[in-house]
Amino acid sequence: MNYDIDKYLRQDKLPHIWCPGCGHGTIMGNLVRAIDKAELDPDKTVVVSGIGCSGRATGYMNFDTLHTTHGRAIPFATGIKLANPELNVIVITGDGDGAAIGGNHLIHGARRNIDLTVILMNNHIYGMTSGQFSPMTPTGANATTTPYGNIDQNFDLSALTKASGASFIARGTAFNTRQLIKIFEDGLLHKGFSFIEAISQCPVNYGRRNNIDTAVEMLKWQKEASVNIKKWDKLSEEEKKDKFPTGIIYQENKREYTEMYQEIIDSVQEEA
Ligand code: SF4
């Protein structure tokens, strides 16, 4: 399928400043392709980002955009959606921004099942600030702040957001662009809190500290470690080791927050 994505990008802000080989540009490109495929009205679409390499995306996307404070993209997005529920509100965050500093906002956004599409670009590191470990840095991996190997467990963000109440949960990779576009499209069209983890590659601040220092090697890892969810359950525990499922991991239809809020407004106005 051919996409006309130029209109969704601020041409005067290009070229972007992401490092050569970074996965974030691929993920942003796939997001605008999904917006095109989902036929969202650009005049009714708002994109909100936090701080970090992922946060740069709102500078390049030609919508109403907000580049907010560290970890707070979901609260800003929640306010926008509550003020005008007709808007399509997309959040772009990173693993440091969304799972550490904004981790509490992530679980409470999911708990409310408010109609946001949250895309967490997971590059397993704080890239912009030179490579400190994040809650998504794998155990044993090196970072500037774990020079002898990370001893923390990393989060399973799918399980975390499911337990918190999200009604659409998916994971994709920068490698598998076709799958990622489809996941983004489905997440954008889902009514409720959609959480999508997009595995990205940071060859500069993650890869080179962990002996996978080229983007090609990192993309090969994404290809080899990812297993479509349709095949995942058929794998043995041994076969699942060092791999992760991709695709739509969970989806349910349940009541959405702004609709319930509107019912309260309507009932109060009726009584008045
Ligand atoms: S530091 Fe890493 S995540 Fe940030 S732009 Fe460079 S490659 Fe991408």
# chains A, B, ... in the order shown; residues from 1 in each chain; ligands from 1

$ closest_atom_pairs --of "chain A" --to "ligand 1" --cutoff "12 Å" --atoms "only C-alpha atoms and all ligand atoms" --output "tab-separated table"
residue	atom	partner	partner_atom_place_in_ligand_line	distance
A:His16	CA	ligand 1	5 (S)	9.4
A:Ile17	CA	ligand 1	5 (S)	7.0
A:Trp18	CA	ligand 1	5 (S)	3.8
A:Cys19	CA	ligand 1	6 (Fe)	4.2
A:Pro20	CA	ligand 1	7 (S)	6.8
A:Gly21	CA	ligand 1	7 (S)	6.4
A:Cys22	CA	ligand 1	8 (Fe)	4.1
A:Gly23	CA	ligand 1	8 (Fe)	6.4
A:His24	CA	ligand 1	8 (Fe)	6.2
A:Gly25	CA	ligand 1	8 (Fe)	8.4
A:Thr26	CA	ligand 1	8 (Fe)	10.7
A:Ile27	CA	ligand 1	8 (Fe)	11.2
A:Ile51	CA	ligand 1	4 (Fe)	11.2
A:Gly52	CA	ligand 1	4 (Fe)	7.5
A:Cys53	CA	ligand 1	4 (Fe)	4.6
A:Ser54	CA	ligand 1	3 (S)	7.2
A:Gly55	CA	ligand 1	4 (Fe)	9.9
A:Arg56	CA	ligand 1	5 (S)	8.9
A:Ala57	CA	ligand 1	5 (S)	10.7
A:Thr93	CA	ligand 1	3 (S)	11.8
A:Gly94	CA	ligand 1	3 (S)	9.1
A:Asp95	CA	ligand 1	3 (S)	10.5
A:Gly96	CA	ligand 1	3 (S)	11.0
A:Met121	CA	ligand 1	3 (S)	9.0
A:Asn122	CA	ligand 1	3 (S)	9.0
A:Asn123	CA	ligand 1	3 (S)	6.3
A:His124	CA	ligand 1	3 (S)	9.0
A:Ile125	CA	ligand 1	3 (S)	7.9
A:Tyr126	CA	ligand 1	3 (S)	7.6
A:Gly127	CA	ligand 1	1 (S)	4.0
A:Met128	CA	ligand 1	4 (Fe)	5.0
A:Thr129	CA	ligand 1	1 (S)	7.7
A:Ser130	CA	ligand 1	1 (S)	6.7
A:Gly131	CA	ligand 1	1 (S)	7.6
A:Gln132	CA	ligand 1	1 (S)	10.9
A:Ala174	CA	ligand 1	8 (Fe)	12.0
A:Ile199	CA	ligand 1	3 (S)	11.0
A:Ser200	CA	ligand 1	3 (S)	7.8
A:Gln201	CA	ligand 1	7 (S)	6.7
A:Cys202	CA	ligand 1	2 (Fe)	3.7
A:Pro203	CA	ligand 1	7 (S)	5.2
A:Val204	CA	ligand 1	7 (S)	4.9
A:Asn205	CA	ligand 1	2 (Fe)	5.3
A:Tyr206	CA	ligand 1	2 (Fe)	7.0
A:Gly207	CA	ligand 1	2 (Fe)	8.7
A:Arg208	CA	ligand 1	2 (Fe)	10.2
A:Arg209	CA	ligand 1	2 (Fe)	11.6
A:Asp213	CA	ligand 1	7 (S)	10.4
A:Thr214	CA	ligand 1	7 (S)	10.0
A:Ala215	CA	ligand 1	7 (S)	8.7
A:Met218	CA	ligand 1	7 (S)	11.1

$ closest_atom_pairs --of "region 189-224 of chain A" --to "region 150-173 of chain A" --cutoff "9 Å" --atoms "only C-alpha atoms" --output "tab-separated table"
residue	atom	partner	partner_atom	distance
A:His190	CA	A:Phe168	CA	7.2
A:Lys191	CA	A:Ser167	CA	8.4
A:Gly192	CA	A:Ser167	CA	6.1
A:Phe193	CA	A:Ala166	CA	5.2
A:Ser194	CA	A:Phe168	CA	4.5
A:Phe195	CA	A:Ile169	CA	4.9
A:Ile196	CA	A:Ala170	CA	4.8
A:Glu197	CA	A:Arg171	CA	4.7
A:Ala198	CA	A:Gly172	CA	5.0
A:Ile199	CA	A:Thr173	CA	4.5
A:Ser200	CA	A:Thr173	CA	6.4
A:Leu219	CA	A:Thr173	CA	8.7
A:Gln222	CA	A:Thr173	CA	6.7
A:Lys223	CA	A:Thr173	CA	8.2

$ select_by_dssp --residues "region 5-163 of chain A" --states "strand (DSSP E)" --output "list of chain:residue names"
A:Thr45, A:Val46, A:Val47, A:Val48, A:Ser49, A:Asp64, A:Thr65, A:Leu66, A:His67, A:Asn88, A:Val89, A:Ile90, A:Val91, A:Ile92, A:Thr93, A:Gly94, A:Leu116, A:Thr117, A:Val118, A:Ile119, A:Leu120, A:Met121, A:Asn122

$ residues_around --residues "Lys231 (chain A)" --least-positions-apart "3" --cutoff "12 Å" --atoms "only C-alpha atoms" --output "list of chain:residue names"
A:Ser226, A:Val227, A:Asn228, A:Lys234, A:Leu235, A:Ser236, A:Glu239, A:Lys240, A:Lys243, A:Phe244, A:Pro245, A:Thr246, A:Gly247, A:Ile249

$ write_last_selection --atoms "C-alpha atoms" --output "PDB file, in the first residue's frame"
ATOM      1  CA  SER A 226       9.759 -11.581  18.344  1.00  0.00           C
ATOM      2  CA  VAL A 227       7.048 -14.222  17.934  1.00  0.00           C
ATOM      3  CA  ASN A 228       3.587 -13.493  16.611  1.00  0.00           C
ATOM      4  CA  LYS A 234       2.201 -23.020  21.228  1.00  0.00           C
ATOM      5  CA  LEU A 235       5.803 -22.496  22.374  1.00  0.00           C
ATOM      6  CA  SER A 236       7.225 -24.361  25.365  1.00  0.00           C
ATOM      7  CA  GLU A 239      11.287 -21.912  23.566  1.00  0.00           C
ATOM      8  CA  LYS A 240       9.879 -18.664  25.015  1.00  0.00           C
ATOM      9  CA  LYS A 243      11.710 -14.076  23.162  1.00  0.00           C
ATOM     10  CA  PHE A 244       8.610 -11.875  23.345  1.00  0.00           C
ATOM     11  CA  PRO A 245       5.148 -11.962  21.746  1.00  0.00           C
ATOM     12  CA  THR A 246       3.983  -9.358  19.236  1.00  0.00           C
ATOM     13  CA  GLY A 247       0.540  -8.469  17.928  1.00  0.00           C
ATOM     14  CA  ILE A 249      -2.096  -9.233  23.235  1.00  0.00           C
TER      15      ILE A 249
END

$ residues_around --residues "Val118 (chain A)" --least-positions-apart "5" --cutoff "10 Å" --atoms "only C-alpha atoms" --output "number ranges by chain"
A: 47-49, 73-74, 77, 89-93, 98, 106, 109-110, 169, 184, 187-188, 193-197

$ write_last_selection --atoms "C-alpha atoms" --output "PDB file, in the first residue's frame"
ATOM      1  CA  VAL A  47      -0.417  14.238  19.607  1.00  0.00           C
ATOM      2  CA  VAL A  48       1.163  14.647  23.032  1.00  0.00           C
ATOM      3  CA  SER A  49       4.696  13.612  23.998  1.00  0.00           C
ATOM      4  CA  ALA A  73       2.145  13.288  28.687  1.00  0.00           C
ATOM      5  CA  ILE A  74      -0.772  11.129  29.896  1.00  0.00           C
ATOM      6  CA  ALA A  77      -3.669  14.061  27.186  1.00  0.00           C
ATOM      7  CA  VAL A  89      -5.666  11.913  21.382  1.00  0.00           C
ATOM      8  CA  ILE A  90      -2.376  10.084  20.863  1.00  0.00           C
ATOM      9  CA  VAL A  91       0.427   9.924  23.423  1.00  0.00           C
ATOM     10  CA  ILE A  92       4.018   9.208  22.429  1.00  0.00           C
ATOM     11  CA  THR A  93       6.315   8.291  25.290  1.00  0.00           C
ATOM     12  CA  GLY A  98       6.400   6.394  30.381  1.00  0.00           C
ATOM     13  CA  LEU A 106       0.401   5.045  32.914  1.00  0.00           C
ATOM     14  CA  GLY A 109      -4.686   6.192  32.647  1.00  0.00           C
ATOM     15  CA  ALA A 110      -5.174   2.457  32.060  1.00  0.00           C
ATOM     16  CA  ILE A 169      -2.776  -3.946  24.636  1.00  0.00           C
ATOM     17  CA  PHE A 184      -1.370   1.225  15.439  1.00  0.00           C
ATOM     18  CA  GLY A 187      -5.263   0.835  18.584  1.00  0.00           C
ATOM     19  CA  LEU A 188      -6.298   4.196  17.120  1.00  0.00           C
ATOM     20  CA  PHE A 193      -7.214   3.030  26.713  1.00  0.00           C
ATOM     21  CA  SER A 194      -4.963   1.546  24.034  1.00  0.00           C
ATOM     22  CA  PHE A 195      -1.428   0.732  25.079  1.00  0.00           C
ATOM     23  CA  ILE A 196       1.088  -0.180  22.397  1.00  0.00           C
ATOM     24  CA  GLU A 197       4.697  -0.999  23.157  1.00  0.00           C
TER      25      GLU A 197
END

$ closest_residue --among "A:Gly59, A:Leu66, A:Gly29, A:Ile107" --to "Val46 (chain A)" --atoms "only C-alpha atoms"
A:Leu66

$ atom_distance --atom1 "CA of Asn104 (chain A)" --atom2 "CA of Pro138 (chain A)"
20.6 Å

$ select_by_dssp --residues "region 16-257 of chain A" --states "alpha helix (DSSP H)" --output "JSON, numbers by chain"
{"A": [24, 25, 26, 27, 28, 29, 30, 31, 32, 33, 34, 35, 36, 37, 57, 58, 59, 60, 73, 74, 75, 76, 77, 78, 79, 80, 81, 82, 83, 95, 96, 103, 104, 105, 106, 107, 108, 109, 110, 111, 112, 157, 158, 159, 160, 161, 162, 163, 164, 177, 178, 179, 180, 181, 182, 183, 184, 185, 186, 187, 188, 189, 215, 216, 217, 218, 219, 220, 221, 222, 223, 224, 225, 229, 230, 231, 232, 237, 238, 239, 240, 257]}

$ write_last_selection --atoms "C-alpha atoms" --output "JSON list (two decimals), in the first residue's frame"
[["chain", "number", "residue", "atom", "x", "y", "z"],
["A", 24, "HIS", "CA", 12.17, 6.10, 16.48],
["A", 25, "GLY", "CA", 11.84, 7.61, 12.99],
["A", 26, "THR", "CA", 10.59, 4.28, 11.62],
["A", 27, "ILE", "CA", 8.00, 4.05, 14.39],
["A", 28, "MET", "CA", 6.83, 7.64, 13.85],
["A", 29, "GLY", "CA", 6.59, 6.98, 10.09],
["A", 30, "ASN", "CA", 4.48, 3.90, 10.77],
["A", 31, "LEU", "CA", 2.25, 5.88, 13.11],
["A", 32, "VAL", "CA", 1.44, 8.49, 10.46],
["A", 33, "ARG", "CA", 0.79, 5.67, 7.95],
["A", 34, "ALA", "CA", -1.66, 4.16, 10.47],
["A", 35, "ILE", "CA", -3.33, 7.55, 10.99],
["A", 36, "ASP", "CA", -3.76, 7.74, 7.22],
["A", 37, "LYS", "CA", -5.13, 4.17, 7.04],
["A", 57, "ALA", "CA", 8.23, 13.07, 17.49],
["A", 58, "THR", "CA", 5.71, 15.82, 18.23],
["A", 59, "GLY", "CA", 8.11, 18.36, 16.71],
["A", 60, "TYR", "CA", 7.87, 16.60, 13.35],
["A", 73, "ALA", "CA", 2.15, 13.29, 28.69],
["A", 74, "ILE", "CA", -0.77, 11.13, 29.90],
["A", 75, "PRO", "CA", -2.12, 13.76, 32.34],
["A", 76, "PHE", "CA", -1.94, 16.44, 29.61],
["A", 77, "ALA", "CA", -3.67, 14.06, 27.19],
["A", 78, "THR", "CA", -6.32, 13.20, 29.79],
["A", 79, "GLY", "CA", -7.14, 16.89, 30.19],
["A", 80, "ILE", "CA", -7.42, 17.37, 26.42],
["A", 81, "LYS", "CA", -9.69, 14.34, 26.02],
["A", 82, "LEU", "CA", -11.93, 15.40, 28.91],
["A", 83, "ALA", "CA", -12.21, 18.94, 27.53],
["A", 95, "ASP", "CA", 10.42, 3.61, 28.47],
["A", 96, "GLY", "CA", 12.07, 6.12, 30.81],
["A", 103, "GLY", "CA", 4.79, 5.10, 35.40],
["A", 104, "ASN", "CA", 2.12, 6.10, 37.88],
["A", 105, "HIS", "CA", 0.27, 8.08, 35.21],
["A", 106, "LEU", "CA", 0.40, 5.04, 32.91],
["A", 107, "ILE", "CA", -1.33, 2.76, 35.42],
["A", 108, "HIS", "CA", -3.96, 5.37, 36.30],
["A", 109, "GLY", "CA", -4.69, 6.19, 32.65],
["A", 110, "ALA", "CA", -5.17, 2.46, 32.06],
["A", 111, "ARG", "CA", -7.29, 2.17, 35.22],
["A", 112, "ARG", "CA", -9.69, 4.82, 33.92],
["A", 157, "LEU", "CA", 4.33, -3.62, 30.42],
["A", 158, "SER", "CA", 1.59, -5.69, 28.80],
["A", 159, "ALA", "CA", 0.87, -7.46, 32.08],
["A", 160, "LEU", "CA", 1.14, -4.19, 34.03],
["A", 161, "THR", "CA", -1.34, -2.30, 31.82],
["A", 162, "LYS", "CA", -3.70, -5.29, 31.67],
["A", 163, "ALA", "CA", -3.75, -5.55, 35.46],
["A", 164, "SER", "CA", -4.35, -1.78, 35.59],
["A", 177, "THR", "CA", 6.65, -2.32, 9.92],
["A", 178, "ARG", "CA", 3.60, -3.96, 8.35],
["A", 179, "GLN", "CA", 2.53, -5.48, 11.66],
["A", 180, "LEU", "CA", 3.22, -2.23, 13.51],
["A", 181, "ILE", "CA", 1.05, -0.16, 11.14],
["A", 182, "LYS", "CA", -1.83, -2.62, 11.61],
["A", 183, "ILE", "CA", -1.45, -2.59, 15.41],
["A", 184, "PHE", "CA", -1.37, 1.22, 15.44],
["A", 185, "GLU", "CA", -4.45, 1.38, 13.21],
["A", 186, "ASP", "CA", -6.37, -1.03, 15.46],
["A", 187, "GLY", "CA", -5.26, 0.83, 18.58],
["A", 188, "LEU", "CA", -6.30, 4.20, 17.12],
["A", 189, "LEU", "CA", -9.75, 2.87, 16.26],
["A", 215, "ALA", "CA", 21.23, -0.86, 13.86],
["A", 216, "VAL", "CA", 21.30, -3.89, 11.54],
["A", 217, "GLU", "CA", 22.28, -6.22, 14.42],
["A", 218, "MET", "CA", 19.59, -4.71, 16.62],
["A", 219, "LEU", "CA", 16.95, -5.15, 13.92],
["A", 220, "LYS", "CA", 18.09, -8.76, 13.48],
["A", 221, "TRP", "CA", 17.56, -9.26, 17.20],
["A", 222, "GLN", "CA", 14.04, -7.78, 16.95],
["A", 223, "LYS", "CA", 13.29, -10.14, 14.08],
["A", 224, "GLU", "CA", 14.64, -13.25, 15.83],
["A", 225, "ALA", "CA", 13.31, -12.54, 19.33],
["A", 229, "ILE", "CA", 1.03, -13.89, 19.41],
["A", 230, "LYS", "CA", -0.80, -16.48, 17.29],
["A", 231, "LYS", "CA", 2.23, -18.78, 17.63],
["A", 232, "TRP", "CA", 3.31, -17.71, 21.13],
["A", 237, "GLU", "CA", 8.59, -22.35, 28.30],
["A", 238, "GLU", "CA", 12.07, -23.24, 27.07],
["A", 239, "GLU", "CA", 11.29, -21.91, 23.57],
["A", 240, "LYS", "CA", 9.88, -18.66, 25.02],
["A", 257, "TYR", "CA", -14.19, 7.18, 30.88]]

$ residues_around --residues "region 258-264 of chain A" --least-positions-apart "4" --cutoff "9 Å" --atoms "only C-alpha atoms" --output "list of chain:residue names"
A:Lys81, A:Leu82, A:Pro85, A:Ile114, A:Asp115, A:Val268, A:Gln269

$ write_last_selection --atoms "N, CA and C atoms" --output "PDB file, in the first residue's frame"
ATOM      1  N   LYS A  81      -8.582  15.251  26.368  1.00  0.00           N
ATOM      2  CA  LYS A  81      -9.695  14.341  26.022  1.00  0.00           C
ATOM      3  C   LYS A  81     -10.951  14.683  26.827  1.00  0.00           C
ATOM      4  N   LEU A  82     -10.767  15.036  28.088  1.00  0.00           N
ATOM      5  CA  LEU A  82     -11.927  15.399  28.907  1.00  0.00           C
ATOM      6  C   LEU A  82     -12.549  16.711  28.429  1.00  0.00           C
ATOM      7  N   PRO A  85     -14.051  15.388  24.129  1.00  0.00           N
ATOM      8  CA  PRO A  85     -14.000  13.944  23.865  1.00  0.00           C
ATOM      9  C   PRO A  85     -14.044  13.564  22.395  1.00  0.00           C
ATOM     10  N   ILE A 114      -9.611   5.556  29.808  1.00  0.00           N
ATOM     11  CA  ILE A 114      -9.915   6.755  29.012  1.00  0.00           C
ATOM     12  C   ILE A 114      -9.415   6.532  27.580  1.00  0.00           C
ATOM     13  N   ASP A 115     -10.136   7.080  26.625  1.00  0.00           N
ATOM     14  CA  ASP A 115      -9.885   6.801  25.210  1.00  0.00           C
ATOM     15  C   ASP A 115      -8.648   7.548  24.686  1.00  0.00           C
ATOM     16  N   VAL A 268     -26.825  15.490  35.959  1.00  0.00           N
ATOM     17  CA  VAL A 268     -26.835  16.675  36.828  1.00  0.00           C
ATOM     18  C   VAL A 268     -27.629  17.792  36.155  1.00  0.00           C
ATOM     19  N   GLN A 269     -27.436  17.942  34.812  1.00  0.00           N
ATOM     20  CA  GLN A 269     -28.148  19.003  34.087  1.00  0.00           C
ATOM     21  C   GLN A 269     -29.656  18.722  34.046  1.00  0.00           C
TER      22      GLN A 269
END
